[in-house]
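Below is run.cif, holding mmCIF, C-alpha atoms and all ligand atoms.
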data_my_file
#
loop_
_atom_site.group_PDB
_atom_site.id
_atom_site.type_symbol
_atom_site.label_atom_id
_atom_site.label_comp_id
_atom_site.auth_asym_id
_atom_site.auth_seq_id
_atom_site.Cartn_x
_atom_site.Cartn_y
_atom_site.Cartn_z
ATOM 1 C CA MET A 303 0.000 0.000 0.000
ATOM 2 C CA GLU A 304 1.214 3.497 -0.869
ATOM 3 C CA ILE A 305 3.141 5.251 1.909
ATOM 4 C CA ILE A 306 2.161 8.906 2.166
ATOM 5 C CA ASN A 307 4.460 9.773 5.045
ATOM 6 C CA GLU A 308 6.649 7.890 7.490
ATOM 7 C CA VAL A 309 8.603 8.411 10.691
ATOM 8 C CA LYS A 310 11.064 6.008 12.317
ATOM 9 C CA PHE A 311 12.738 6.398 15.668
ATOM 10 C CA VAL A 312 14.769 4.354 18.112
ATOM 11 C CA MET A 313 14.796 4.758 21.888
ATOM 12 C CA PRO A 314 16.526 2.980 24.756
ATOM 13 C CA SER A 315 14.236 0.827 26.905
ATOM 14 C CA MET A 316 13.826 3.343 29.724
ATOM 15 C CA SER A 317 10.357 3.646 31.233
ATOM 16 C CA VAL A 318 10.423 7.429 30.851
ATOM 17 C CA ASN A 319 10.273 6.761 27.086
ATOM 18 C CA GLU A 320 6.755 5.329 27.326
ATOM 19 C CA SER A 321 5.478 8.897 27.222
ATOM 20 C CA THR A 322 8.113 9.888 24.645
ATOM 21 C CA ALA A 323 6.764 7.248 22.259
ATOM 22 C CA ARG A 324 3.161 8.406 22.736
ATOM 23 C CA ALA A 325 4.116 12.030 22.178
ATOM 24 C CA VAL A 326 6.126 11.365 18.997
ATOM 25 C CA VAL A 327 3.516 9.059 17.486
ATOM 26 C CA SER A 328 0.596 11.350 18.217
ATOM 27 C CA SER A 329 2.317 14.478 16.919
ATOM 28 C CA PHE A 330 3.040 12.621 13.664
ATOM 29 C CA VAL A 331 -0.378 10.994 13.263
ATOM 30 C CA ILE A 332 -2.186 14.273 13.888
ATOM 31 C CA GLN A 333 -1.493 15.373 10.283
ATOM 32 C CA ALA A 334 -3.921 12.653 9.152
ATOM 33 C CA ASP A 335 -6.571 14.527 11.131
ATOM 34 C CA PRO A 336 -7.791 11.794 13.507
ATOM 35 C CA THR A 337 -10.702 12.393 15.880
ATOM 36 C CA VAL A 338 -9.906 12.903 19.562
ATOM 37 C CA GLU A 339 -11.025 9.340 20.213
ATOM 38 C CA GLU A 340 -8.974 7.821 17.384
ATOM 39 C CA LEU A 341 -5.854 9.622 18.573
ATOM 40 C CA SER A 342 -6.449 8.467 22.121
ATOM 41 C CA ASP A 343 -6.849 4.856 20.901
ATOM 42 C CA ILE A 344 -3.554 5.050 19.011
ATOM 43 C CA ARG A 345 -1.709 6.597 21.967
ATOM 44 C CA THR A 346 -3.002 3.872 24.259
ATOM 45 C CA ALA A 347 -2.085 1.031 21.896
ATOM 46 C CA VAL A 348 1.442 2.439 21.412
ATOM 47 C CA SER A 349 1.850 2.798 25.167
ATOM 48 C CA GLU A 350 0.881 -0.859 25.679
ATOM 49 C CA ALA A 351 3.343 -2.199 23.105
ATOM 50 C CA VAL A 352 6.246 -0.010 24.261
ATOM 51 C CA THR A 353 5.578 -0.833 27.915
ATOM 52 C CA ASN A 354 5.623 -4.553 27.072
ATOM 53 C CA SER A 355 9.035 -4.204 25.419
ATOM 54 C CA ILE A 356 10.375 -2.408 28.494
ATOM 55 C CA VAL A 357 8.706 -4.506 31.194
ATOM 56 C CA HIS A 358 8.886 -7.948 29.606
ATOM 57 C CA GLY A 359 11.201 -7.940 26.577
ATOM 58 C CA TYR A 360 14.045 -6.068 28.229
ATOM 59 C CA ARG A 361 13.401 -7.391 31.729
ATOM 60 C CA HIS A 362 16.940 -8.748 32.180
ATOM 61 C CA TYR A 363 18.979 -6.384 30.058
ATOM 62 C CA SER A 364 18.272 -3.061 28.411
ATOM 63 C CA GLY A 365 18.155 -2.532 24.689
ATOM 64 C CA LYS A 366 16.589 -0.516 21.915
ATOM 65 C CA ILE A 367 13.006 -0.155 20.813
ATOM 66 C CA GLU A 368 12.390 0.688 17.146
ATOM 67 C CA ILE A 369 9.183 2.411 16.168
ATOM 68 C CA THR A 370 7.897 2.964 12.632
ATOM 69 C CA VAL A 371 4.737 4.932 11.938
ATOM 70 C CA ARG A 372 3.252 5.316 8.468
ATOM 71 C CA ILE A 373 0.335 7.166 7.063
ATOM 72 C CA LEU A 374 -0.932 5.024 4.205
ATOM 73 C CA ALA A 375 -3.450 5.695 1.469
ATOM 74 C CA GLU A 376 -7.117 5.831 2.481
ATOM 75 C CA ARG A 377 -6.219 7.297 5.906
ATOM 76 C CA LYS A 378 -4.790 4.068 7.191
ATOM 77 C CA ILE A 379 -2.258 4.272 10.030
ATOM 78 C CA TYR A 380 0.474 1.642 10.331
ATOM 79 C CA ILE A 381 2.528 1.281 13.524
ATOM 80 C CA LYS A 382 5.371 -1.169 14.104
ATOM 81 C CA ILE A 383 7.074 -1.580 17.486
ATOM 82 C CA LYS A 384 10.085 -3.834 17.596
ATOM 83 C CA ASP A 385 12.381 -5.037 20.374
ATOM 84 C CA ARG A 386 15.263 -7.478 20.517
ATOM 85 C CA GLY A 387 14.356 -8.684 23.966
ATOM 86 C CA CYS A 388 13.594 -12.102 25.421
ATOM 87 C CA GLY A 389 10.713 -12.868 23.062
ATOM 88 C CA ILE A 390 7.521 -14.827 23.731
ATOM 89 C CA GLU A 391 7.381 -18.614 23.952
ATOM 90 C CA ASP A 392 3.681 -18.963 23.149
ATOM 91 C CA VAL A 393 2.225 -15.912 21.411
ATOM 92 C CA LYS A 394 -1.318 -17.278 21.291
ATOM 93 C CA GLN A 395 -1.375 -17.779 25.048
ATOM 94 C CA ALA A 396 0.248 -14.370 25.673
ATOM 95 C CA MET A 397 -2.547 -12.709 23.699
ATOM 96 C CA GLU A 398 -5.322 -14.255 25.763
ATOM 97 C CA PRO A 399 -7.114 -11.697 27.935
ATOM 98 C CA LEU A 400 -5.797 -11.609 31.513
ATOM 99 C CA PHE A 401 -2.759 -13.790 30.748
ATOM 100 C CA THR A 402 0.328 -12.306 32.387
ATOM 101 C CA THR A 403 3.726 -13.568 33.441
ATOM 102 C CA ALA A 404 4.147 -10.693 35.920
ATOM 103 C CA PRO A 405 1.134 -10.623 38.294
ATOM 104 C CA GLU A 406 3.347 -9.755 41.279
ATOM 105 C CA GLU A 407 4.236 -6.489 39.515
ATOM 106 C CA GLU A 408 0.593 -5.462 39.246
ATOM 107 C CA ARG A 409 0.376 -6.314 35.561
ATOM 108 C CA SER A 410 -3.072 -7.567 34.673
ATOM 109 C CA GLY A 411 -2.692 -9.175 31.266
ATOM 110 C CA LEU A 412 -4.692 -6.552 29.400
ATOM 111 C CA GLY A 413 -2.121 -4.978 27.090
ATOM 112 C CA PHE A 414 -2.804 -7.150 24.044
ATOM 113 C CA SER A 415 -6.586 -6.908 24.617
ATOM 114 C CA VAL A 416 -6.295 -3.114 24.622
ATOM 115 C CA MET A 417 -4.225 -3.127 21.405
ATOM 116 C CA GLN A 418 -6.697 -5.517 19.794
ATOM 117 C CA SER A 419 -9.804 -3.569 20.670
ATOM 118 C CA PHE A 420 -8.407 -0.053 20.138
ATOM 119 C CA MET A 421 -6.842 -0.823 16.744
ATOM 120 C CA ASP A 422 -8.331 -2.550 13.677
ATOM 121 C CA ARG A 423 -5.630 -5.150 13.261
ATOM 122 C CA LEU A 424 -2.868 -6.523 15.484
ATOM 123 C CA ILE A 425 -0.060 -8.816 14.373
ATOM 124 C CA VAL A 426 2.446 -10.174 16.908
ATOM 125 C CA ARG A 427 5.625 -11.909 15.759
ATOM 126 C CA SER A 428 7.993 -13.204 18.389
ATOM 127 C CA LYS A 429 10.837 -15.659 18.893
ATOM 128 C CA PRO A 430 12.474 -16.546 22.199
ATOM 129 C CA ASN A 431 15.877 -14.855 22.535
ATOM 130 C CA ILE A 432 15.373 -12.945 19.277
ATOM 131 C CA GLY A 433 12.655 -10.441 20.116
ATOM 132 C CA THR A 434 9.128 -9.279 19.490
ATOM 133 C CA THR A 435 7.529 -7.187 16.751
ATOM 134 C CA VAL A 436 4.035 -5.804 17.131
ATOM 135 C CA THR A 437 2.348 -4.381 14.030
ATOM 136 C CA MET A 438 -0.942 -2.524 14.233
ATOM 137 C CA TYR A 439 -3.257 -0.878 11.737
ATOM 138 C CA LYS A 440 -6.047 1.583 12.208
ATOM 139 C CA ARG A 441 -8.251 3.120 9.534
ATOM 140 C CA LEU A 442 -9.303 6.638 10.416
ATOM 141 C CA GLY A 443 -12.982 7.404 9.808
ATOM 142 C CA MET B 1297 7.252 14.153 36.351
ATOM 143 C CA SER B 1298 4.271 13.146 34.251
ATOM 144 C CA VAL B 1299 1.889 12.742 37.183
ATOM 145 C CA LYS B 1300 1.054 14.623 40.375
ATOM 146 C CA VAL B 1301 -0.622 13.153 43.446
ATOM 147 C CA GLU B 1302 -2.348 15.236 46.077
ATOM 148 C CA ILE B 1303 -3.849 13.512 49.082
ATOM 149 C CA LYS B 1304 -6.819 15.386 50.524
ATOM 150 C CA SER B 1305 -8.507 14.553 53.770
ATOM 151 C CA GLU B 1306 -11.970 16.050 54.209
ATOM 152 C CA ARG B 1307 -14.345 15.070 57.014
ATOM 153 C CA ASP B 1308 -15.255 11.413 56.328
ATOM 154 C CA CYS B 1309 -13.502 11.121 52.994
ATOM 155 C CA VAL B 1310 -9.861 10.811 51.977
ATOM 156 C CA SER B 1311 -8.952 11.174 48.344
ATOM 157 C CA ALA B 1312 -5.904 11.057 46.132
ATOM 158 C CA VAL B 1313 -6.352 13.601 43.373
ATOM 159 C CA LEU B 1314 -4.281 12.642 40.320
ATOM 160 C CA LYS B 1315 -3.102 14.982 37.595
ATOM 161 C CA GLY B 1316 -1.311 14.003 34.401
ATOM 162 C CA GLU B 1317 -0.668 10.761 32.546
ATOM 163 C CA ILE B 1318 -0.730 7.321 34.140
ATOM 164 C CA ASP B 1319 1.503 4.690 32.613
ATOM 165 C CA HIS B 1320 3.960 2.095 33.921
ATOM 166 C CA HIS B 1321 6.580 4.793 34.519
ATOM 167 C CA SER B 1322 4.393 7.208 36.477
ATOM 168 C CA ALA B 1323 2.317 4.555 38.293
ATOM 169 C CA ARG B 1324 5.270 3.741 40.535
ATOM 170 C CA GLU B 1325 5.181 7.141 42.201
ATOM 171 C CA VAL B 1326 1.400 7.165 42.569
ATOM 172 C CA ARG B 1327 1.496 3.702 44.113
ATOM 173 C CA ALA B 1328 4.162 4.672 46.650
ATOM 174 C CA GLU B 1329 2.315 7.798 47.797
ATOM 175 C CA ILE B 1330 -1.086 6.169 48.113
ATOM 176 C CA ASP B 1331 0.240 3.039 49.811
ATOM 177 C CA SER B 1332 2.151 4.936 52.444
ATOM 178 C CA TYR B 1333 -1.033 6.852 53.300
ATOM 179 C CA ILE B 1334 -3.193 3.699 53.438
ATOM 180 C CA VAL B 1335 -0.730 1.772 55.572
ATOM 181 C CA THR B 1336 -0.276 4.683 57.994
ATOM 182 C CA TYR B 1337 -3.910 5.829 58.390
ATOM 183 C CA GLN B 1338 -5.908 2.702 57.435
ATOM 184 C CA PRO B 1339 -8.891 4.690 56.090
ATOM 185 C CA GLU B 1340 -12.299 3.026 55.836
ATOM 186 C CA LYS B 1341 -12.929 4.640 52.511
ATOM 187 C CA PHE B 1342 -10.400 5.915 50.024
ATOM 188 C CA VAL B 1343 -11.150 7.745 46.782
ATOM 189 C CA ILE B 1344 -8.898 8.003 43.750
ATOM 190 C CA ASP B 1345 -9.984 11.077 41.829
ATOM 191 C CA PHE B 1346 -9.155 10.871 38.109
ATOM 192 C CA LYS B 1347 -10.435 14.356 37.237
ATOM 193 C CA GLY B 1348 -7.019 15.564 36.100
ATOM 194 C CA VAL B 1349 -5.922 12.343 34.370
ATOM 195 C CA THR B 1350 -5.431 12.917 30.653
ATOM 196 C CA PHE B 1351 -4.108 9.443 29.789
ATOM 197 C CA MET B 1352 -4.190 5.959 31.268
ATOM 198 C CA ASP B 1353 -3.250 2.545 29.882
ATOM 199 C CA SER B 1354 -3.448 -0.953 31.385
ATOM 200 C CA SER B 1355 -0.849 0.056 33.993
ATOM 201 C CA GLY B 1356 -3.630 2.131 35.551
ATOM 202 C CA VAL B 1357 -5.824 -0.950 35.888
ATOM 203 C CA GLY B 1358 -3.046 -2.705 37.801
ATOM 204 C CA LEU B 1359 -2.649 0.398 39.941
ATOM 205 C CA ILE B 1360 -6.350 0.501 40.855
ATOM 206 C CA LEU B 1361 -6.584 -3.242 41.510
ATOM 207 C CA GLY B 1362 -3.477 -3.202 43.685
ATOM 208 C CA ARG B 1363 -4.782 -0.321 45.844
ATOM 209 C CA SER B 1364 -8.168 -1.999 46.128
ATOM 210 C CA LYS B 1365 -6.508 -5.164 47.406
ATOM 211 C CA LEU B 1366 -4.355 -3.301 49.917
ATOM 212 C CA LEU B 1367 -7.369 -1.352 51.218
ATOM 213 C CA LYS B 1368 -9.359 -4.554 51.653
ATOM 214 C CA GLU B 1369 -6.515 -6.044 53.670
ATOM 215 C CA CYS B 1370 -6.616 -2.942 55.884
ATOM 216 C CA GLY B 1371 -10.408 -3.151 56.246
ATOM 217 C CA GLY B 1372 -11.181 -0.322 53.838
ATOM 218 C CA GLU B 1373 -12.787 0.216 50.473
ATOM 219 C CA LEU B 1374 -11.744 1.955 47.258
ATOM 220 C CA GLU B 1375 -13.780 4.229 45.031
ATOM 221 C CA VAL B 1376 -12.747 5.650 41.652
ATOM 222 C CA ARG B 1377 -14.191 9.009 40.626
ATOM 223 C CA ASN B 1378 -14.288 11.374 37.664
ATOM 224 C CA ALA B 1379 -12.642 9.134 35.055
ATOM 225 C CA SER B 1380 -12.730 10.667 31.560
ATOM 226 C CA ALA B 1381 -14.320 8.875 28.617
ATOM 227 C CA SER B 1382 -10.956 7.526 27.410
ATOM 228 C CA VAL B 1383 -9.971 6.260 30.872
ATOM 229 C CA LYS B 1384 -13.401 4.651 31.194
ATOM 230 C CA ARG B 1385 -12.906 2.713 27.968
ATOM 231 C CA VAL B 1386 -9.783 1.070 29.387
ATOM 232 C CA LEU B 1387 -11.561 0.377 32.690
ATOM 233 C CA LYS B 1388 -14.525 -1.129 30.872
ATOM 234 C CA LEU B 1389 -12.334 -3.511 28.884
ATOM 235 C CA SER B 1390 -10.774 -4.780 32.116
ATOM 236 C CA GLY B 1391 -14.084 -5.619 33.781
ATOM 237 C CA ILE B 1392 -12.784 -3.896 36.912
ATOM 238 C CA GLU B 1393 -16.231 -2.385 37.651
ATOM 239 C CA ARG B 1394 -17.215 -5.713 39.173
ATOM 240 C CA ILE B 1395 -14.517 -5.339 41.826
ATOM 241 C CA VAL B 1396 -14.141 -1.606 42.388
ATOM 242 C CA ASN B 1397 -16.771 1.128 42.745
ATOM 243 C CA ILE B 1398 -16.503 3.403 39.725
ATOM 244 C CA ILE B 1399 -18.483 6.600 39.911
HETATM 245 N N1 LIG C 1 7.630 -7.432 23.997
HETATM 246 C C1 LIG C 1 7.478 -8.525 24.754
HETATM 247 N N2 LIG C 1 8.555 -9.300 25.058
HETATM 248 C C2 LIG C 1 8.427 -10.407 25.836
HETATM 249 N N3 LIG C 1 7.239 -10.820 26.360
HETATM 250 C C3 LIG C 1 6.138 -10.103 26.084
HETATM 251 C C4 LIG C 1 6.201 -8.925 25.276
HETATM 252 N N4 LIG C 1 4.934 -8.426 25.168
HETATM 253 C C5 LIG C 1 4.138 -9.248 25.877
HETATM 254 N N5 LIG C 1 4.844 -10.260 26.436
HETATM 255 C C6 LIG C 1 4.281 -11.375 27.240
HETATM 256 O O1 LIG C 1 2.878 -11.431 27.013
HETATM 257 C C7 LIG C 1 2.158 -11.323 28.245
HETATM 258 C C8 LIG C 1 0.849 -10.592 28.026
HETATM 259 O O2 LIG C 1 1.071 -9.231 27.653
HETATM 260 P P1 LIG C 1 -0.061 -8.137 27.986
HETATM 261 O O3 LIG C 1 0.430 -6.806 27.593
HETATM 262 O O4 LIG C 1 -1.358 -8.582 27.398
HETATM 263 O O5 LIG C 1 -0.215 -8.239 29.573
HETATM 264 P P2 LIG C 1 0.820 -7.736 30.705
HETATM 265 O O6 LIG C 1 1.839 -6.848 30.109
HETATM 266 O O7 LIG C 1 1.311 -8.924 31.432
HETATM 267 O O8 LIG C 1 -0.149 -6.896 31.667
HETATM 268 P P3 LIG C 1 -0.694 -5.396 31.409
HETATM 269 O O9 LIG C 1 -0.385 -5.041 29.975
HETATM 270 O O10 LIG C 1 -2.156 -5.473 31.686
HETATM 271 O O11 LIG C 1 0.022 -4.540 32.368
HETATM 272 C C9 LIG C 1 3.112 -10.648 29.198
HETATM 273 O O12 LIG C 1 2.838 -10.948 30.551
HETATM 274 C C10 LIG C 1 4.475 -11.211 28.741
HETATM 275 O O13 LIG C 1 4.694 -12.495 29.283
HETATM 276 MG MG MG C 2 1.349 -5.259 28.885
#

Go through the file and emit its structure as C-alpha cells.
Ligand SMILES: Nc1ncnc2c1ncn2[C@@H]1O[C@H](COP(=O)(O)OP(=O)(O)OP(=O)(O)O)[C@@H](O)[C@H]1O
Ligand SMILES: [Mg+2]
Amino acid sequence: MEIINEVKFVMPSMSVNESTARAVVSSFVIQADPTVEELSDIRTAVSEAVTNSIVHGYRHYSGKIEITVRILAERKIYIKIKDRGCGIEDVKQAMEPLFTTAPEEERSGLGFSVMQSFMDRLIVRSKPNIGTTVTMYKRLG
Amino acid sequence: MSVKVEIKSERDCVSAVLKGEIDHHSAREVRAEIDSYIVTYQPEKFVIDFKGVTFMDSSGVGLILGRSKLLKECGGELEVRNASASVKRVLKLSGIERIVNII
C-alpha cells in the first residue's frame, strides 16, 4: 500500500520513554486529522506495546526499541514496534485476555486486549531470545 | 514528572487527586504515595480522583486493583471518581467495575 508519510525512531528501553513514544507518534499521526477518540486509541495502543518491550522484553537487560509509523493511502495508520528482547514462547497464550507472566508487579494481562480492541488489526511476531515485533493498523474514519 | 498526586482529607472522605498521565513509569510514584497513606492511616474509605488524568493505559488498571486489594486487607474500600471517557474505555475492557466502585 502506498506510503504517504513515514517516521522512524529508536529509543533505549527506559520507562520514561513510554510517554516519549506516545508524544512522537501522536504528533506525527495528527497530520492525518484523527478524531480525539482515534488519537487516544492510538496513543493507548502504542503505550501498551512499548511498555511490554520495556517490562517484559528487556526485563533482564536493556536494549533498543524501534518504532515505525506510516500514514498510508485511504487514511490508514500503520505502527510497528520492535524489540530485541527475550521474546515470547507462546504468542497465542500471551494474547489471551488476563494472561500475564508478571502478576506480582501489578500487571493484569490486558495490554494485548487493549491493542486488539483499540486498533483494527494486530499482528504479533515473536521468537524466544530474538525479540518481538508488534504491528498494528487503524483506519481513520 | 508526568503525574502529580495530592492527598486530601476532608471530614469522612480521603482522596488522592491525580493529575497528568498514568503509565507504567508514572504509576510507581502514585502507588508509593497512596500506599504509604493507606498503611499509615488505614482509612475506611479511600477515593482516587481521576479528574485531572489525561491518559491511562493498562498500567492504571493494575494500579487501581493493587490499591483496592491493599485497602481490603486494611479493612477499607476503594472508590474511583471522575474518570474521563478515554480512561473509562480502558476500565470497561478490564471488567474492573465488578470489583471496584466506579463513579
Ligand atoms: N515485547 C514482549 N517481550 C516479551 N514478552 C512479552 C512482550 N509483550 C508481551 N509479552 C508477554 O505477554 C504477556 C501478556 O502481555 P499483555 O500486555 O497482554 O499483559 P501484561 O503486560 O502482562 O499486563 P498489562 O499489559 O495489563 O500490564 C506478558 O505478561 C508477557 O509475558
Ligand atoms: Mg502489557

When the cut-off is 10 Å and we count only C-alpha atoms, which residues of chain B are near chain A, given as a ChimeraX atom specification?
/B:1297-1298,1317-1322,1350-1363,1381-1383,1385-1386,1389-1390

If you measure from atom O4 of ligand LIG 1 (chain C) to CA of Ile367 in chain A, what distance in Å do you get, rounded to one decimal?
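Going from atom O4 of ligand LIG 1 (chain C) over to CA of Ile367 in chain A covers 17.9 Å.
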
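On the file presented, the PyMOL selection byres (((chain B and resi 1300) around 12) and not hetatm) picks out Met1297, Ser1298, Val1299, Val1301, Glu1302, Ile1303, Ala1312, Val1313, Leu1314, Lys1315, Gly1316, Glu1317, Ile1318, Ser1322, Ala1323, Arg1324, Glu1325, Val1326, Arg1327, Glu1329, Ile1330, Asp1345, Phe1346, Lys1347, Gly1348, Val1349 and Thr1350 of chain B.
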
Under the rule that all atoms listed in the file are counted, which of A:Lys366, A:Lys378, A:Arg372, A:Lys384 is the nearest residue to ligand LIG 1 (chain C)?
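That would be A:Lys384, the residue with the smallest distance to ligand LIG 1 (chain C).
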
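Closest approach to His358 in chain A among A:Thr403, A:Thr337, A:Gln418, A:Thr437: A:Thr403, based on only C-alpha atoms.
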
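For the set B:Ser1332, B:Ile1392, B:Gln1338, B:Leu1374, the residue with the smallest atom-to-atom gap to ligand LIG 1 (chain C) is B:Ile1392, counting only C-alpha atoms and all ligand atoms.
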
Mind giving me the straight-line distance from CA of Phe1342 in chain B to CA of Ala1379 in chain B in Å, one decimal?
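Between CA of Phe1342 in chain B and CA of Ala1379 in chain B the gap is 15.5 Å.
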
note - CA of Thr435 in chain A and atom C1 of ligand LIG 1 (chain C) are separated by 8.1 Å

Long-range neighbours of Thr434 in chain A as a compact mmCIF listing (two decimals) with C-alpha atoms, in the frame of the given file, 6 Å cut-off, only C-alpha atoms, 6 positions minimum in chain:
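Output saved as selection.txt:
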# COMPACT_ATOMS: atom_id res chain seq x y z
CA LYS A 384 10.09 -3.83 17.60
CA ASP A 385 12.38 -5.04 20.37
CA GLY A 389 10.71 -12.87 23.06
CA ARG A 427 5.62 -11.91 15.76
CA SER A 428 7.99 -13.20 18.39

So that I can check the surroundings of Leu1366 in chain B, please list as a ChimeraX atom specification every protein, DNA and RNA residue that reaches within 9 Å of it, counting all atoms listed in the file and ignoring chain neighbours fewer than 5 positions away.
/B:1331,1334-1335,1361,1371-1372

Chain and number of each residue from the PyMOL selection byres (((chain A and resi 313) around 7) and not hetatm), as a ChimeraX atom specification
/A:311-312,314-315,366-368

Could you tell me which of A:Ile381, A:Cys388, A:Ala375, A:Val327 comes closest to Tyr363 in chain A if we count all atoms listed in the file?
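Among the listed residues, the smallest separation from Tyr363 in chain A belongs to A:Cys388.
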
The PyMOL selection byres (((chain B and resi 1393-1398) around 7) and not hetatm) - which residues does that actually catch in the file I just gave you? List them as a PyMOL selection string.
chain B and resi 1374-1377+1391-1392+1399

Let me have the centre and edge lengths in Å, one decimal, of the box along x, y and z around every listed atom of ligand LIG 1 (chain C) with 4 Å of margin on each side, as lines of an AutoDock Vina configuration file.
center_x = 3.2
center_y = -8.5
center_z = 28.2
size_x = 18.7
size_y = 16.0
size_z = 16.4

Please complete range 381-388 of chain A with all heavy atoms and give it back as a compact mmCIF listing (two decimals), keeping the file's coordinate frame.
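Result written to selection-v4.txt:
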# COMPACT_ATOMS: atom_id res chain seq x y z
N ILE A 381 1.56 1.08 12.44
CA ILE A 381 2.53 1.28 13.52
C ILE A 381 3.25 -0.03 13.81
O ILE A 381 2.62 -1.08 14.01
CB ILE A 381 1.83 1.78 14.81
CG1 ILE A 381 1.11 3.11 14.55
CG2 ILE A 381 2.84 1.96 15.95
CD1 ILE A 381 0.20 3.56 15.66
N LYS A 382 4.59 0.03 13.80
CA LYS A 382 5.37 -1.17 14.10
C LYS A 382 6.28 -0.88 15.29
O LYS A 382 6.99 0.13 15.30
CB LYS A 382 6.21 -1.57 12.90
CG LYS A 382 6.91 -2.91 13.07
CD LYS A 382 7.62 -3.33 11.80
CE LYS A 382 9.03 -2.78 11.81
NZ LYS A 382 9.80 -3.18 10.60
N ILE A 383 6.25 -1.75 16.29
CA ILE A 383 7.07 -1.58 17.49
C ILE A 383 7.90 -2.84 17.69
O ILE A 383 7.35 -3.94 17.85
CB ILE A 383 6.18 -1.25 18.71
CG1 ILE A 383 5.56 0.14 18.47
CG2 ILE A 383 6.99 -1.27 20.02
CD1 ILE A 383 4.36 0.45 19.27
N LYS A 384 9.21 -2.67 17.63
CA LYS A 384 10.09 -3.83 17.60
C LYS A 384 11.12 -3.80 18.71
O LYS A 384 11.75 -2.77 18.95
CB LYS A 384 10.81 -3.85 16.24
CG LYS A 384 11.79 -4.97 16.04
CD LYS A 384 12.34 -4.94 14.62
CE LYS A 384 13.41 -6.01 14.47
NZ LYS A 384 13.93 -6.06 13.11
N ASP A 385 11.29 -4.93 19.41
CA ASP A 385 12.38 -5.04 20.37
C ASP A 385 13.21 -6.28 20.09
O ASP A 385 12.79 -7.16 19.35
CB ASP A 385 11.84 -5.03 21.83
CG ASP A 385 11.05 -6.28 22.20
OD1 ASP A 385 11.59 -7.40 22.10
OD2 ASP A 385 9.87 -6.13 22.62
N ARG A 386 14.42 -6.30 20.64
CA ARG A 386 15.26 -7.48 20.52
C ARG A 386 15.45 -8.09 21.90
O ARG A 386 16.55 -8.45 22.31
CB ARG A 386 16.62 -7.10 19.91
CG ARG A 386 16.47 -6.62 18.47
CD ARG A 386 17.80 -6.10 17.92
NE ARG A 386 17.57 -5.31 16.71
CZ ARG A 386 17.36 -5.81 15.50
NH1 ARG A 386 17.37 -7.12 15.32
NH2 ARG A 386 17.15 -5.02 14.47
N GLY A 387 14.34 -8.17 22.60
CA GLY A 387 14.36 -8.68 23.97
C GLY A 387 14.18 -10.19 24.03
O GLY A 387 14.49 -10.90 23.07
N CYS A 388 13.64 -10.66 25.14
CA CYS A 388 13.59 -12.10 25.42
C CYS A 388 12.62 -12.88 24.55
O CYS A 388 12.73 -14.10 24.42
CB CYS A 388 13.26 -12.34 26.90
SG CYS A 388 11.58 -11.85 27.32
